file data_18.txt (compact mmCIF, C-alpha atoms and all ligand atoms)
# COMPACT_ATOMS: atom_id res chain seq x y z
CA MET A 462 -9.51 113.76 -113.59
CA ARG A 463 -12.77 112.67 -115.26
CA ALA A 464 -16.10 113.79 -113.85
CA ARG A 465 -17.98 110.81 -112.42
CA VAL A 466 -21.21 109.75 -110.73
CA VAL A 467 -21.94 106.74 -108.54
CA ALA A 468 -25.50 106.05 -107.42
CA SER A 469 -27.72 103.35 -106.00
CA GLN A 470 -29.38 101.32 -108.77
CA ASN A 471 -32.65 103.30 -108.68
CA GLY A 472 -30.53 106.38 -109.47
CA SER A 473 -30.25 105.13 -113.07
CA VAL A 474 -33.10 107.48 -114.13
CA GLY A 475 -31.05 110.50 -112.99
CA ILE A 476 -27.42 109.53 -113.56
CA GLN A 477 -27.09 111.04 -117.06
CA ALA A 478 -28.60 114.34 -115.88
CA ALA A 479 -26.16 114.41 -112.97
CA LEU A 480 -23.18 113.73 -115.24
CA ASP A 481 -24.37 116.39 -117.70
CA VAL A 482 -24.26 119.01 -114.93
CA LEU A 483 -20.65 118.06 -114.20
CA THR A 484 -19.50 117.96 -117.83
CA LEU A 485 -21.04 121.40 -118.42
CA GLY A 486 -18.95 122.74 -115.55
CA GLY A 487 -21.65 122.77 -112.87
CA ALA A 488 -21.03 122.22 -109.18
CA ALA A 489 -20.95 118.68 -107.81
CA VAL A 490 -23.80 119.45 -105.40
CA ASP A 491 -25.98 120.68 -108.30
CA ALA A 492 -25.25 117.41 -110.09
CA VAL A 493 -26.31 115.48 -106.98
CA VAL A 494 -29.57 117.41 -106.73
CA ALA A 495 -30.27 117.04 -110.48
CA GLY A 496 -29.93 113.27 -110.16
CA LEU A 497 -31.94 112.94 -106.96
CA SER A 498 -34.74 115.17 -108.29
CA LEU A 499 -35.45 112.86 -111.22
CA VAL A 500 -35.76 109.89 -108.87
CA GLU A 501 -38.05 111.90 -106.57
CA ALA A 502 -40.27 112.67 -109.59
CA ASN A 503 -40.45 109.01 -110.65
CA PRO A 504 -43.77 107.48 -109.48
CA GLU A 505 -42.44 103.98 -110.25
CA ASP A 506 -40.00 104.32 -107.36
CA ARG A 507 -41.99 103.52 -104.22
CA SER A 508 -39.19 104.41 -101.84
CA VAL A 509 -38.45 108.01 -102.84
CA GLY A 510 -40.44 111.22 -103.41
CA TYR A 511 -43.67 111.18 -105.42
CA GLY A 512 -45.32 107.78 -105.13
CA GLY A 513 -43.35 106.75 -102.03
CA ILE A 514 -45.14 104.34 -99.68
CA PRO A 515 -46.69 106.44 -96.89
CA ASN A 516 -46.47 106.13 -93.13
CA PHE A 517 -48.97 104.14 -91.08
CA LEU A 518 -51.50 106.97 -91.32
CA GLY A 519 -51.24 107.23 -95.12
CA GLN A 520 -49.08 110.37 -95.13
CA VAL A 521 -46.02 110.42 -97.41
CA GLU A 522 -43.11 111.80 -95.35
CA LEU A 523 -39.80 112.53 -97.08
CA ASP A 524 -36.23 112.72 -95.74
CA ALA A 525 -33.21 114.03 -97.71
CA SER A 526 -29.74 115.47 -97.31
CA VAL A 527 -26.90 116.95 -99.34
CA MET A 528 -23.26 117.48 -98.39
CA ILE A 529 -20.33 119.31 -100.04
CA GLY A 530 -16.93 117.73 -99.48
CA SER A 531 -14.79 120.84 -100.00
CA ASP A 532 -16.01 122.66 -96.87
CA LEU A 533 -18.32 120.07 -95.21
CA SER A 534 -21.43 122.21 -95.79
CA ALA A 535 -24.61 120.21 -95.33
CA GLY A 536 -28.37 120.59 -95.41
CA SER A 537 -31.22 118.19 -94.59
CA VAL A 538 -34.96 117.91 -94.27
CA ALA A 539 -36.98 115.25 -92.48
CA ALA A 540 -40.67 114.26 -92.35
CA LEU A 541 -41.43 116.72 -95.17
CA GLN A 542 -45.02 116.44 -96.45
CA HIS A 543 -46.77 117.77 -99.58
CA TYR A 544 -43.58 118.64 -101.52
CA GLN A 545 -41.74 116.25 -103.81
CA ASP A 546 -38.44 118.16 -104.04
CA ALA A 547 -36.85 117.06 -100.77
CA ALA A 548 -33.27 117.17 -102.09
CA LYS A 549 -33.71 120.67 -103.53
CA LEU A 550 -35.11 121.78 -100.19
CA ALA A 551 -32.17 120.23 -98.33
CA GLN A 552 -29.87 122.27 -100.58
CA MET A 553 -31.92 125.39 -99.75
CA VAL A 554 -31.58 124.72 -96.01
CA MET A 555 -27.82 124.59 -96.56
CA GLN A 556 -27.73 127.76 -98.67
CA GLU A 557 -30.44 129.94 -97.12
CA LEU A 558 -30.38 129.22 -93.39
CA PRO A 559 -27.75 129.05 -90.64
CA HIS A 560 -29.02 125.52 -89.89
CA VAL A 561 -28.39 122.00 -91.07
CA LEU A 562 -31.66 120.10 -90.46
CA LEU A 563 -35.30 121.19 -90.68
CA VAL A 564 -38.12 118.80 -89.78
CA GLY A 565 -41.88 118.53 -90.29
CA ALA A 566 -43.82 121.79 -90.21
CA GLY A 567 -40.65 123.89 -90.45
CA ALA A 568 -39.51 122.04 -93.56
CA ASN A 569 -42.98 122.42 -95.13
CA ARG A 570 -42.93 126.10 -94.32
CA LEU A 571 -39.55 126.69 -95.99
CA ALA A 572 -40.68 124.75 -99.06
CA GLY A 573 -43.64 127.13 -99.42
CA GLU A 574 -41.51 130.22 -98.85
CA MET A 575 -39.01 129.04 -101.46
CA GLY A 576 -41.80 128.59 -104.00
CA LEU A 577 -41.54 124.82 -104.38
CA GLU A 578 -44.60 123.19 -105.95
CA GLU A 579 -47.10 121.72 -103.49
CA LYS A 580 -48.31 118.28 -104.56
CA ASN A 581 -50.27 115.26 -103.40
CA LEU A 582 -47.45 112.70 -103.12
CA LEU A 583 -49.75 109.70 -102.78
CA THR A 584 -50.46 108.02 -106.14
CA PRO A 585 -53.46 105.68 -106.52
CA GLU A 586 -51.02 102.75 -106.78
CA THR A 587 -49.21 103.53 -103.54
CA GLU A 588 -52.47 104.24 -101.76
CA GLN A 589 -53.60 100.73 -102.76
CA LEU A 590 -50.31 99.21 -101.60
CA TRP A 591 -50.63 101.00 -98.29
CA LYS A 592 -54.20 99.70 -97.85
CA ASP A 593 -53.11 96.18 -98.80
CA GLY A 594 -50.56 96.42 -96.00
CA LEU A 595 -53.10 97.62 -93.49
CA GLU A 596 -56.13 95.59 -94.48
CA GLY A 597 -55.18 93.16 -97.26
CA THR A 598 -52.24 90.96 -98.13
CA TYR A 599 -50.08 91.63 -95.09
CA ALA A 600 -52.76 92.37 -92.51
CA ASN A 601 -53.30 90.13 -89.50
CA PRO A 602 -56.93 90.49 -88.41
CA GLU A 603 -56.07 89.27 -84.90
CA PHE A 604 -54.36 92.54 -84.14
CA THR A 605 -56.52 95.58 -83.70
CA ASP A 606 -54.43 97.88 -81.56
CA TYR A 607 -52.32 100.33 -83.49
CA LEU A 608 -48.83 99.55 -82.19
CA THR A 609 -49.08 95.77 -82.37
CA LYS A 610 -50.54 96.02 -85.84
CA MET A 611 -47.76 98.27 -87.05
CA ARG A 612 -44.98 96.16 -85.55
CA THR A 613 -46.45 92.96 -86.98
CA LEU A 614 -46.94 94.49 -90.39
CA ILE A 615 -43.37 95.76 -90.56
CA GLY A 616 -42.07 92.37 -89.41
CA THR A 617 -44.14 90.54 -92.02
CA VAL A 618 -43.24 92.70 -94.99
CA THR A 619 -39.59 92.73 -93.99
CA SER A 620 -39.29 88.96 -93.84
CA ASP A 621 -41.30 88.13 -96.98
CA PRO A 622 -38.75 87.04 -99.63
CA GLN A 623 -41.42 87.34 -102.36
CA LEU A 624 -42.16 90.95 -101.55
CA VAL A 625 -41.53 93.17 -104.56
CA GLU A 626 -42.08 96.42 -102.70
CA ARG A 627 -39.62 96.29 -99.84
CA PRO A 628 -40.64 98.44 -96.90
CA TYR A 629 -37.48 100.50 -97.07
CA GLY A 630 -35.54 101.90 -99.97
CA THR A 631 -33.71 105.11 -100.75
CA VAL A 632 -31.60 106.73 -103.45
CA ASN A 633 -27.92 107.77 -103.15
CA PHE A 634 -25.85 110.00 -105.45
CA ILE A 635 -22.14 110.80 -105.16
CA CYS A 636 -20.70 113.17 -107.80
CA GLN A 637 -17.10 114.20 -108.39
CA ASP A 638 -16.09 117.03 -110.75
CA GLU A 639 -12.94 117.27 -112.89
CA GLU A 640 -11.12 119.06 -110.08
CA GLY A 641 -11.80 116.18 -107.69
CA ARG A 642 -14.46 118.04 -105.67
CA ILE A 643 -17.10 115.68 -104.31
CA ALA A 644 -20.72 116.12 -103.18
CA SER A 645 -23.15 113.50 -101.93
CA GLY A 646 -26.90 113.29 -101.44
CA VAL A 647 -29.63 110.94 -100.26
CA SER A 648 -33.42 111.04 -100.60
CA THR A 649 -36.14 108.70 -99.36
CA SER A 650 -39.74 108.33 -98.28
CA GLY A 651 -38.41 106.09 -95.52
CA TRP A 652 -40.10 102.93 -94.33
CA GLY A 653 -43.48 102.17 -95.74
CA TRP A 654 -46.05 102.05 -92.91
CA LYS A 655 -43.55 103.66 -90.53
CA TYR A 656 -44.62 105.27 -87.29
CA PRO A 657 -45.56 108.89 -88.14
CA GLY A 658 -42.61 111.19 -87.59
CA ARG A 659 -40.04 108.39 -87.84
CA VAL A 660 -36.81 109.78 -89.31
CA GLY A 661 -34.23 107.46 -90.83
CA ASP A 662 -30.54 107.77 -91.61
CA SER A 663 -30.91 109.65 -94.91
CA PRO A 664 -31.12 113.20 -93.48
CA ILE A 665 -28.67 112.50 -90.67
CA ILE A 666 -25.22 113.71 -91.69
CA GLY A 667 -22.74 111.01 -90.73
CA ALA A 668 -25.33 108.23 -90.66
CA GLY A 669 -26.74 107.93 -94.21
CA ASN A 670 -24.54 110.50 -95.93
CA TYR A 671 -21.02 111.84 -95.53
CA CYS A 672 -18.51 113.50 -97.79
CA ASP A 673 -15.04 115.02 -97.39
CA ASP A 674 -12.91 115.84 -100.46
CA ARG A 675 -9.74 114.93 -98.58
CA TYR A 676 -10.77 111.26 -98.23
CA GLY A 677 -13.97 110.40 -100.15
CA ALA A 678 -17.70 109.97 -99.66
CA ALA A 679 -20.25 107.34 -98.69
CA ALA A 680 -24.03 107.01 -98.62
CA CYS A 681 -26.44 104.34 -97.41
CA THR A 682 -29.69 102.64 -98.33
CA GLY A 683 -31.47 99.96 -96.34
CA ARG A 684 -32.55 99.81 -92.70
CA GLY A 685 -31.68 103.32 -91.59
CA GLU A 686 -31.75 102.56 -87.89
CA LEU A 687 -28.55 100.51 -88.32
CA ALA A 688 -26.66 103.34 -90.01
CA GLN A 689 -27.99 105.77 -87.40
CA ARG A 690 -26.66 103.65 -84.56
CA ALA A 691 -23.24 103.07 -86.14
CA CYS A 692 -22.70 106.34 -88.09
CA THR A 693 -21.98 104.18 -91.11
CA ALA A 694 -21.31 106.83 -93.79
CA HIS A 695 -18.98 108.79 -91.52
CA SER A 696 -17.22 105.58 -90.48
CA ILE A 697 -16.40 104.70 -94.09
CA VAL A 698 -14.91 108.13 -94.77
CA THR A 699 -13.01 108.05 -91.48
CA PHE A 700 -11.60 104.60 -92.20
CA MET A 701 -10.33 105.95 -95.54
CA ARG A 702 -8.86 108.91 -93.64
CA PHE A 703 -6.88 106.48 -91.51
CA GLY A 704 -5.46 104.71 -94.53
CA LEU A 705 -7.85 101.87 -95.34
CA SER A 706 -8.58 101.27 -99.02
CA ILE A 707 -12.14 101.99 -100.10
CA GLU A 708 -12.89 98.25 -100.12
CA GLU A 709 -11.46 97.76 -96.61
CA ALA A 710 -13.29 100.85 -95.32
CA VAL A 711 -16.66 99.68 -96.63
CA ARG A 712 -16.14 96.11 -95.38
CA GLN A 713 -15.14 97.34 -91.92
CA ALA A 714 -18.15 99.68 -91.60
CA LEU A 715 -20.60 96.95 -92.65
CA THR A 716 -18.93 94.35 -90.44
CA ASP A 717 -19.33 96.74 -87.51
CA LEU A 718 -23.12 96.45 -87.94
CA ALA A 719 -22.98 92.76 -86.98
CA ARG A 720 -22.81 93.59 -83.29
CA LEU A 721 -26.02 95.65 -83.38
CA ASP A 722 -28.99 93.75 -82.07
CA ASP A 723 -31.72 94.09 -84.70
CA PRO A 724 -34.87 91.97 -84.35
CA LEU A 725 -35.80 92.74 -87.97
CA ARG A 726 -32.36 91.68 -89.23
CA GLY A 727 -32.55 94.46 -91.77
CA GLU A 728 -30.19 94.89 -94.67
CA MET A 729 -27.73 97.71 -95.27
CA ASN A 730 -26.27 98.84 -98.60
CA VAL A 731 -23.62 101.46 -99.26
CA VAL A 732 -22.09 103.24 -102.22
CA ALA A 733 -18.78 105.01 -101.80
CA LEU A 734 -16.19 106.96 -103.78
CA SER A 735 -12.55 107.50 -102.86
CA ARG A 736 -10.88 110.86 -103.40
CA GLU A 737 -8.95 109.23 -106.27
CA GLY A 738 -12.27 108.49 -107.98
CA GLU A 739 -12.61 104.77 -107.26
CA PRO A 740 -16.29 103.78 -106.88
CA TRP A 741 -17.44 100.95 -104.63
CA GLY A 742 -20.75 99.32 -103.78
CA ALA A 743 -21.49 96.77 -101.07
CA ALA A 744 -24.50 95.19 -99.38
CA THR A 745 -25.17 92.87 -96.48
CA VAL A 746 -27.35 90.66 -98.71
CA PRO A 747 -26.77 89.26 -102.21
CA GLY A 748 -28.44 90.53 -105.38
CA ARG A 749 -27.95 94.26 -104.92
CA PHE A 750 -26.50 96.56 -107.59
CA TYR A 751 -25.33 100.12 -108.07
CA VAL A 752 -24.77 102.31 -111.13
CA TYR A 753 -21.68 104.17 -112.31
CA GLN A 754 -20.98 106.60 -115.15
CA GLU A 755 -18.02 108.85 -115.89
CA ALA A 756 -17.37 111.44 -118.60
CA GLY A 757 -16.81 109.69 -121.92
CA MET A 758 -19.11 106.74 -121.17
CA ALA A 759 -22.17 106.72 -123.47
CA GLN A 760 -24.31 105.25 -120.72
CA HIS A 761 -24.07 104.06 -117.16
CA GLU A 762 -22.90 100.62 -116.08
CA VAL A 763 -24.89 98.50 -113.64
CA ARG A 764 -22.43 96.91 -111.23
CA GLN A 765 -22.88 94.15 -108.69
CA ARG A 766 -22.34 95.11 -105.06
CA VAL A 767 -19.85 93.12 -103.03
CA VAL A 768 -21.63 91.12 -100.32
CA VAL A 769 -20.58 91.59 -96.70
CA PRO A 770 -22.91 89.31 -94.71
CA ILE A 771 -23.61 90.43 -91.16
CA TYR A 772 -26.06 87.78 -89.96
CA GLU A 773 -25.88 84.01 -89.80
CA ALA A 774 -28.75 82.43 -91.73
CA GLN A 775 -31.69 82.92 -89.42
CA GLU A 776 -35.29 84.01 -89.74
CA PRO A 777 -36.32 87.44 -88.49
CA THR A 778 -37.69 87.17 -84.97
CA MET A 779 -40.29 89.92 -85.14
N1 LIG B 801 -32.48 104.19 -95.42
C1 LIG B 801 -33.69 104.89 -95.42
C2 LIG B 801 -34.45 104.77 -94.21
O1 LIG B 801 -34.24 103.88 -93.39
O2 LIG B 801 -35.30 105.59 -94.02
call {"tool": "encode", "arguments": {"input": "data_18.txt", "output": "structure tokens"}}
result
Amino acid sequence: MRARVVASQNGSVGIQAALDVLTLGGAAVDAVVAGLSLVEANPEDRSVGYGGIPNFLGQVELDASVMIGSDLSAGSVAALQHYQDAAKLAQMVMQELPHVLLVGAGANRLAGEMGLEEKNLLTPETEQLWKDGLEGTYANPEFTDYLTKMRTLIGTVTSDPQLVERPYGTVNFICQDEEGRIASGVSTSGWGWKYPGRVGDSPIIGAGNYCDDRYGAAACTGRGELAQRACTAHSIVTFMRFGLSIEEAVRQALTDLARLDDPLRGEMNVVALSREGEPWGAATVPGRFYVYQEAGMAQHEVRQRVVVPIYEAQEPTM
């Protein structure tokens, strides 16, 4: 079969590098990390790695995970500070430790021990954006206590249709080699202005990322709390296991989110790949895309995601 890569749209800066790893005979998980690392290094992407929008206190906290579908190995980091290479570190957790998930100080410690480069992840542009959120464009001067201010800010930025910098974003990569082996990975700086220490779906195996060569793989972007509550990535792979097509599996997993009460009415997006190599992208709102490239294609294609609406038209209530 042909080597192939499916990624969320912001993965376009890394998709060629990921495919190159596969076509040169590299492992699918190395292709995933190659792709994710270029997105983490991209300061234009405000939802991942260097230049990600920080938490409420102005600290950039990163979450990431990788998974190998041939033996279900997995590694993750959460609330990592001062190191850009969250996906590489997740791979190191998987390879170097008898653990799956490291958080906060432990993740920072391993990054130092593994010789990853320490870096200030806050760019002047994201620092300004963060301040605008706290004090400028989205601030409500009536609120002075910390929790009310944070909740109001998140509600405002989430419901603003004009907002260019959405408060949550993430990158997904799913890579399949010529032998059909699959690996998947996710990286994010999580919600902008989030409560310090908040961990989303991206480093939670089964929520934001899941992969099993026997059936396929899936990964999520969007409001992580929804995927955490419904185990969305694992659900998609399990639905394929029980015979649903990739389209049916993705539709079912997104439809299942409709019964979750969510005052923010957040969106969810998924990319998926079947074991036969069929890619799929879907979102709960219109206007979302994903990227796809396989061996032999000179460049990636940008593809529209199928829309699976989960809310009736209604304004957010928070
Ligand atoms: N989906 C990324 C997050 O919620 O953190």
call {"tool": "residues_near_ligand", "arguments": {"input": "data_18.txt", "ligand": "ligand LIG 801 (chain B)", "cutoff": "10 Å", "atoms": "all atoms listed in the file", "output": "VMD selection string"}}
result
chain A and resid 508 to 509 523 to 525 539 628 to 633 647 to 653 655 659 to 664 668 to 669 680 to 689 727 to 730
call {"tool": "residues_around", "arguments": {"input": "data_18.txt", "residues": "Val554 in chain A", "least_positions_apart": "6", "cutoff": "10 Å", "atoms": "all atoms listed in the file", "output": "PyMOL selection string"}}
result
chain A and resi 526-527+535-538+548+560-563+568+571-572
call {"tool": "residues_around", "arguments": {"input": "data_18.txt", "residues": "range 709-723 of chain A", "least_positions_apart": "3", "cutoff": "10 Å", "atoms": "only C-alpha atoms", "output": "mmCIF file with C-alpha atoms, in the frame of the given file"}}
result
data_model
loop_
_atom_site.group_PDB
_atom_site.id
_atom_site.type_symbol
_atom_site.label_atom_id
_atom_site.label_comp_id
_atom_site.auth_asym_id
_atom_site.auth_seq_id
_atom_site.Cartn_x
_atom_site.Cartn_y
_atom_site.Cartn_z
ATOM 1 C CA ALA A 679 -20.250 107.340 -98.690
ATOM 2 C CA ARG A 684 -32.550 99.810 -92.700
ATOM 3 C CA GLU A 686 -31.750 102.560 -87.890
ATOM 4 C CA LEU A 687 -28.550 100.510 -88.320
ATOM 5 C CA ALA A 688 -26.660 103.340 -90.010
ATOM 6 C CA ARG A 690 -26.660 103.650 -84.560
ATOM 7 C CA ALA A 691 -23.240 103.070 -86.140
ATOM 8 C CA CYS A 692 -22.700 106.340 -88.090
ATOM 9 C CA THR A 693 -21.980 104.180 -91.110
ATOM 10 C CA ALA A 694 -21.310 106.830 -93.790
ATOM 11 C CA HIS A 695 -18.980 108.790 -91.520
ATOM 12 C CA SER A 696 -17.220 105.580 -90.480
ATOM 13 C CA ILE A 697 -16.400 104.700 -94.090
ATOM 14 C CA VAL A 698 -14.910 108.130 -94.770
ATOM 15 C CA THR A 699 -13.010 108.050 -91.480
ATOM 16 C CA PHE A 700 -11.600 104.600 -92.200
ATOM 17 C CA MET A 701 -10.330 105.950 -95.540
ATOM 18 C CA ARG A 702 -8.860 108.910 -93.640
ATOM 19 C CA PHE A 703 -6.880 106.480 -91.510
ATOM 20 C CA GLY A 704 -5.460 104.710 -94.530
ATOM 21 C CA LEU A 705 -7.850 101.870 -95.340
ATOM 22 C CA SER A 706 -8.580 101.270 -99.020
ATOM 23 C CA ARG A 726 -32.360 91.680 -89.230
ATOM 24 C CA GLY A 727 -32.550 94.460 -91.770
ATOM 25 C CA GLU A 728 -30.190 94.890 -94.670
ATOM 26 C CA MET A 729 -27.730 97.710 -95.270
ATOM 27 C CA ASN A 730 -26.270 98.840 -98.600
ATOM 28 C CA VAL A 731 -23.620 101.460 -99.260
ATOM 29 C CA VAL A 732 -22.090 103.240 -102.220
ATOM 30 C CA ALA A 733 -18.780 105.010 -101.800
ATOM 31 C CA TRP A 741 -17.440 100.950 -104.630
ATOM 32 C CA GLY A 742 -20.750 99.320 -103.780
ATOM 33 C CA ALA A 743 -21.490 96.770 -101.070
ATOM 34 C CA ALA A 744 -24.500 95.190 -99.380
ATOM 35 C CA THR A 745 -25.170 92.870 -96.480
ATOM 36 C CA VAL A 767 -19.850 93.120 -103.030
ATOM 37 C CA VAL A 768 -21.630 91.120 -100.320
ATOM 38 C CA VAL A 769 -20.580 91.590 -96.700
ATOM 39 C CA PRO A 770 -22.910 89.310 -94.710
ATOM 40 C CA ILE A 771 -23.610 90.430 -91.160
ATOM 41 C CA TYR A 772 -26.060 87.780 -89.960
ATOM 42 C CA GLU A 773 -25.880 84.010 -89.800
ATOM 43 C CA PRO A 777 -36.320 87.440 -88.490
ATOM 44 C CA THR A 778 -37.690 87.170 -84.970
ATOM 45 C CA MET A 779 -40.290 89.920 -85.140
#
call {"tool": "closest_residue", "arguments": {"input": "data_18.txt", "among": "A:Glu639, A:Leu614, A:Met528, A:Leu734", "to": "Leu485 in chain A", "atoms": "all atoms listed in the file"}}
result
A:Glu639
call {"tool": "axis_aligned_box", "arguments": {"input": "data_18.txt", "around": "range 577-587 of chain A", "padding_each_side": "3 Å", "output": "lines of an AutoDock Vina configuration file"}}
result
center_x = -47.5
center_y = 113.8
center_z = -104.8
size_x = 17.9
size_y = 28.1
size_z = 10.0
call {"tool": "atom_distance", "arguments": {"input": "data_18.txt", "atom1": "CA of Lys610 in chain A", "atom2": "CA of Tyr511 in chain A"}}
result
25.7 Å
call {"tool": "atom_distance", "arguments": {"input": "data_18.txt", "atom1": "CA of Gly567 in chain A", "atom2": "CA of Lys580 in chain A"}}
result
17.0 Å
call {"tool": "closest_residue", "arguments": {"input": "data_18.txt", "among": "A:Glu708, A:Asp673, A:Glu762, A:Glu755", "to": "Ser534 in chain A", "atoms": "all atoms listed in the file"}}
result
A:Asp673
call {"tool": "atom_distance", "arguments": {"input": "data_18.txt", "atom1": "CA of Gly573 in chain A", "atom2": "CA of Ile635 in chain A"}}
result
27.6 Å
call {"tool": "closest_residue", "arguments": {"input": "data_18.txt", "among": "A:Gln545, A:Ser645, A:Gln637, A:Asn569", "to": "Gln754 in chain A", "atoms": "all atoms listed in the file"}}
result
A:Gln637
call {"tool": "closest_atom_pairs", "arguments": {"input": "data_18.txt", "of": "range 667-756 of chain A", "to": "range 464-483 of chain A", "cutoff": "6 Å", "atoms": "all atoms listed in the file", "output": "tab-separated table"}}
result
residue	atom	partner	partner_atom	distance
A:Phe750	CA	A:Gln470	CA	5.7
A:Tyr751	CA	A:Gln470	CA	4.3
A:Val752	CA	A:Gln470	CA	5.3
A:Tyr753	CA	A:Val467	CA	4.6
A:Gln754	CA	A:Val466	CA	5.4
A:Glu755	CA	A:Arg465	CA	4.0
A:Ala756	CA	A:Ala464	CA	5.4
call {"tool": "residues_near_point", "arguments": {"input": "data_18.txt", "point": "(-33.5, 117.9, -102.2)", "cutoff": "7 Å", "atoms": "only C-alpha atoms", "output": "PyMOL selection string"}}
result
chain A and resi 494+498+525-526+546-552
call {"tool": "write_last_selection", "arguments": {"input": "data_18.txt", "atoms": "C-alpha atoms", "output": "compact mmCIF listing (two decimals), in the coordinates of the input"}}
result
# COMPACT_ATOMS: atom_id res chain seq x y z
CA VAL A 494 -29.57 117.41 -106.73
CA SER A 498 -34.74 115.17 -108.29
CA ALA A 525 -33.21 114.03 -97.71
CA SER A 526 -29.74 115.47 -97.31
CA ASP A 546 -38.44 118.16 -104.04
CA ALA A 547 -36.85 117.06 -100.77
CA ALA A 548 -33.27 117.17 -102.09
CA LYS A 549 -33.71 120.67 -103.53
CA LEU A 550 -35.11 121.78 -100.19
CA ALA A 551 -32.17 120.23 -98.33
CA GLN A 552 -29.87 122.27 -100.58
call {"tool": "residues_around", "arguments": {"input": "data_18.txt", "residues": "range 512-514 of chain A", "least_positions_apart": "2", "cutoff": "8 Å", "atoms": "only C-alpha atoms", "output": "PyMOL selection string"}}
result
chain A and resi 503-510+516+521+582-584+586-588+590-591+628+649-650+652-654
call {"tool": "residues_near_point", "arguments": {"input": "data_18.txt", "point": "(-41.1, 116.3, -95.0)", "cutoff": "6 Å", "atoms": "only C-alpha atoms", "output": "number ranges by chain"}}
result
A: 522-523, 539-542, 565
